Amino acid sequence: MKTIANLILLSTLTWGSSCAQLVPASTNLSNISLSGNPEPDVVYVAHVSSQVFPWTISTQLTPYHGVFLRSSRLNPFFNADDVLAPSTLVFTNSSETYDVPFTRYLAIRDEETGMWRFQDGGLKVGAGHRTEAFFGIRFTIEGAVHHGWLRFTRPDAQPETLFTVAGHEWNPVPNAPIQVGWPPEILVETEVLPNRTGIRLTWPPGASHWILENARSLTPPIVWEPYPSSGGSYADVPPEDAERYFRLKRPE
């Protein structure tokens, strides 16, 4: 699983009697680019909906270049091993927009002690008691449609404990499916070269920037090394290399 490398935390949540505001309104908790492009594909934000007690703090996910998907009629959450594909339906919230409500809680301050207490905000479509959450997304790159997933985790299910970004993946092959929680499966096809001079390995153009690697044995410790490709999405393997093992690896 590829972890998030561009997580941006722009605020720290602190609780106590001296706290003037629990979360700055529309705080940008993280920008997430699944494909590595400079522009984020998803923004994870927190909102304070009122400045009077009790305050309602909520978090949501906003897609920038696509839409979130749904696993059932009103459920934007997926399980590990679910498959995201062109047939997976799009999620829309009660306002008919593509933002995904994530968490909501009430923050109530005791005027005598100055202590805060928190309770569930009653979000109908939300994380509930989850400590892990997967989301599916369909987004476009240069006009091509791709599928990917995001994983969020938190250490406990207390209402005020926010999720953090734990990982993501996407399939570089347009309109191809991806299994939630797993890297994409890129199909590598083989064909015999004329006059049996070797075999040709080919893979989709969408993964042409991936690296073809080879190993002489699958007995640990396995040593994978780059194998020279004959073109962006194929490689010709001569008979003397026929006993090797091959795989495609996403560039770091």
# chains A, B, ... in the order shown; residues from 1 in each chain; ligands from 1

call {"tool": "closest_atom_pairs", "arguments": {"of": "region 46-140 of chain A", "to": "region 163-171 of chain A", "cutoff": "10 Å", "atoms": "only C-alpha atoms", "output": "CSV"}}
result
residue,atom,partner,partner_atom,distance
A:Thr59,CA,A:Phe163,CA,9.2
A:Phe102,CA,A:Phe163,CA,9.0
A:Thr103,CA,A:Phe163,CA,8.6
A:Ala127,CA,A:Phe163,CA,9.5
A:Arg130,CA,A:Phe163,CA,9.7
A:Thr131,CA,A:Phe163,CA,7.8
A:Glu132,CA,A:Phe163,CA,8.2
A:Ala133,CA,A:Phe163,CA,8.6
A:Phe134,CA,A:His168,CA,9.2
A:Phe135,CA,A:His168,CA,9.4
A:Gly136,CA,A:Trp170,CA,9.7
A:Ile137,CA,A:Trp170,CA,8.9
A:Arg138,CA,A:Trp170,CA,9.3
A:Phe139,CA,A:Trp170,CA,9.7

call {"tool": "residues_around", "arguments": {"residues": "Phe91 (chain A)", "least_positions_apart": "4", "cutoff": "7 Å", "atoms": "only C-alpha atoms", "output": "PyMOL selection string"}}
result
chain A and resi 68-70+76+98

call {"tool": "write_last_selection", "arguments": {"atoms": "C-alpha atoms", "output": "JSON list (two decimals), in the first residue's frame"}}
result
[["chain", "number", "residue", "atom", "x", "y", "z"],
["A", 68, "PHE", "CA", -17.10, 9.58, -4.33],
["A", 69, "LEU", "CA", -18.75, 6.20, -4.74],
["A", 70, "ARG", "CA", -21.28, 4.36, -2.58],
["A", 76, "PRO", "CA", -20.26, 5.96, 1.28],
["A", 98, "TYR", "CA", -20.71, 15.05, -3.78]]

call {"tool": "closest_atom_pairs", "arguments": {"of": "region 77-147 of chain A", "to": "region 184-203 of chain A", "cutoff": "12 Å", "atoms": "only C-alpha atoms", "output": "tab-separated table"}}
result
residue	atom	partner	partner_atom	distance
A:Asp81	CA	A:Pro184	CA	11.7
A:Val83	CA	A:Pro184	CA	10.6
A:Leu84	CA	A:Pro184	CA	10.7
A:Ala85	CA	A:Pro184	CA	11.7
A:His146	CA	A:Pro184	CA	11.1
A:His147	CA	A:Pro184	CA	9.5

call {"tool": "write_last_selection", "arguments": {"atoms": "C-alpha atoms", "output": "short mmCIF file (atom, residue, chain, number, x, y, z; two decimals), in the first residue's frame"}}
result
data_model
loop_
_atom_site.label_atom_id
_atom_site.label_comp_id
_atom_site.auth_asym_id
_atom_site.auth_seq_id
_atom_site.Cartn_x
_atom_site.Cartn_y
_atom_site.Cartn_z
CA ASP A 81 -11.62 -6.28 -0.61
CA VAL A 83 -14.25 -3.90 -5.85
CA LEU A 84 -14.56 -0.41 -7.35
CA ALA A 85 -15.49 -0.47 -11.02
CA HIS A 146 -9.78 6.19 -13.03
CA HIS A 147 -10.80 4.42 -9.82
#

call {"tool": "select_by_dssp", "arguments": {"residues": "region 11-246 of chain A", "states": "helix (DSSP H, G or I)", "output": "PDB file with C-alpha atoms, in the first residue's frame"}}
result
ATOM      1  CA  PRO A 194       8.620 -14.717 -34.510  1.00  0.00           C
ATOM      2  CA  ASN A 195      10.960 -17.672 -35.031  1.00  0.00           C
ATOM      3  CA  ARG A 196      10.774 -18.359 -31.291  1.00  0.00           C
ATOM      4  CA  PRO A 205      -0.322   2.087 -21.884  1.00  0.00           C
ATOM      5  CA  GLY A 206      -1.744   3.628 -18.703  1.00  0.00           C
ATOM      6  CA  ALA A 207       1.040   1.873 -16.788  1.00  0.00           C
ATOM      7  CA  PRO A 239      15.361 -17.346 -24.373  1.00  0.00           C
ATOM      8  CA  GLU A 240      18.265 -17.080 -21.929  1.00  0.00           C
ATOM      9  CA  ASP A 241      16.053 -15.037 -19.554  1.00  0.00           C
TER      10      ASP A 241
END

call {"tool": "residues_around", "arguments": {"residues": "Pro63 (chain A)", "least_positions_apart": "6", "cutoff": "12 Å", "atoms": "only C-alpha atoms", "output": "list of chain:residue names"}}
result
A:Asn31, A:Ile32, A:Ser33, A:Leu34, A:Glu39, A:Pro40, A:Asp41, A:Val42, A:Val43, A:Tyr44, A:Val45, A:Leu69, A:Val90, A:Phe91, A:Thr92, A:Thr97, A:Tyr98, A:Asp99, A:Val100, A:Pro101, A:Phe135, A:Gly136, A:Ile137, A:Arg138, A:Phe139, A:Thr140, A:Leu150

call {"tool": "write_last_selection", "arguments": {"atoms": "C-alpha atoms", "output": "PDB file, in the first residue's frame"}}
result
ATOM      1  CA  ASN A  31      -4.893  17.798   0.713  1.00  0.00           C
ATOM      2  CA  ILE A  32      -4.807  14.380  -0.939  1.00  0.00           C
ATOM      3  CA  SER A  33      -3.485  13.744  -4.435  1.00  0.00           C
ATOM      4  CA  LEU A  34      -3.988  10.114  -5.391  1.00  0.00           C
ATOM      5  CA  GLU A  39      -3.650  19.664  -7.601  1.00  0.00           C
ATOM      6  CA  PRO A  40      -5.444  17.708  -4.851  1.00  0.00           C
ATOM      7  CA  ASP A  41      -8.064  15.148  -5.809  1.00  0.00           C
ATOM      8  CA  VAL A  42      -9.679  15.253  -2.346  1.00  0.00           C
ATOM      9  CA  VAL A  43      -9.661  17.797   0.481  1.00  0.00           C
ATOM     10  CA  TYR A  44     -10.379  16.712   4.060  1.00  0.00           C
ATOM     11  CA  VAL A  45     -11.857  19.638   5.987  1.00  0.00           C
ATOM     12  CA  LEU A  69     -18.748   6.204  -4.740  1.00  0.00           C
ATOM     13  CA  VAL A  90     -21.960   7.575  -7.259  1.00  0.00           C
ATOM     14  CA  PHE A  91     -22.594   8.913  -3.750  1.00  0.00           C
ATOM     15  CA  THR A  92     -24.573  12.122  -3.236  1.00  0.00           C
ATOM     16  CA  THR A  97     -23.737  17.341  -3.694  1.00  0.00           C
ATOM     17  CA  TYR A  98     -20.714  15.049  -3.781  1.00  0.00           C
ATOM     18  CA  ASP A  99     -19.268  16.021  -0.378  1.00  0.00           C
ATOM     19  CA  VAL A 100     -19.094  13.076   2.036  1.00  0.00           C
ATOM     20  CA  PRO A 101     -20.127  13.752   5.666  1.00  0.00           C
ATOM     21  CA  PHE A 135     -13.818   5.469   0.616  1.00  0.00           C
ATOM     22  CA  GLY A 136     -14.019   4.848  -3.110  1.00  0.00           C
ATOM     23  CA  ILE A 137     -13.475   7.605  -5.651  1.00  0.00           C
ATOM     24  CA  ARG A 138     -13.784   8.014  -9.411  1.00  0.00           C
ATOM     25  CA  PHE A 139     -11.700  10.830 -10.862  1.00  0.00           C
ATOM     26  CA  THR A 140     -10.286  12.016 -14.166  1.00  0.00           C
ATOM     27  CA  LEU A 150      -8.665   6.162   0.457  1.00  0.00           C
TER      28      LEU A 150
END
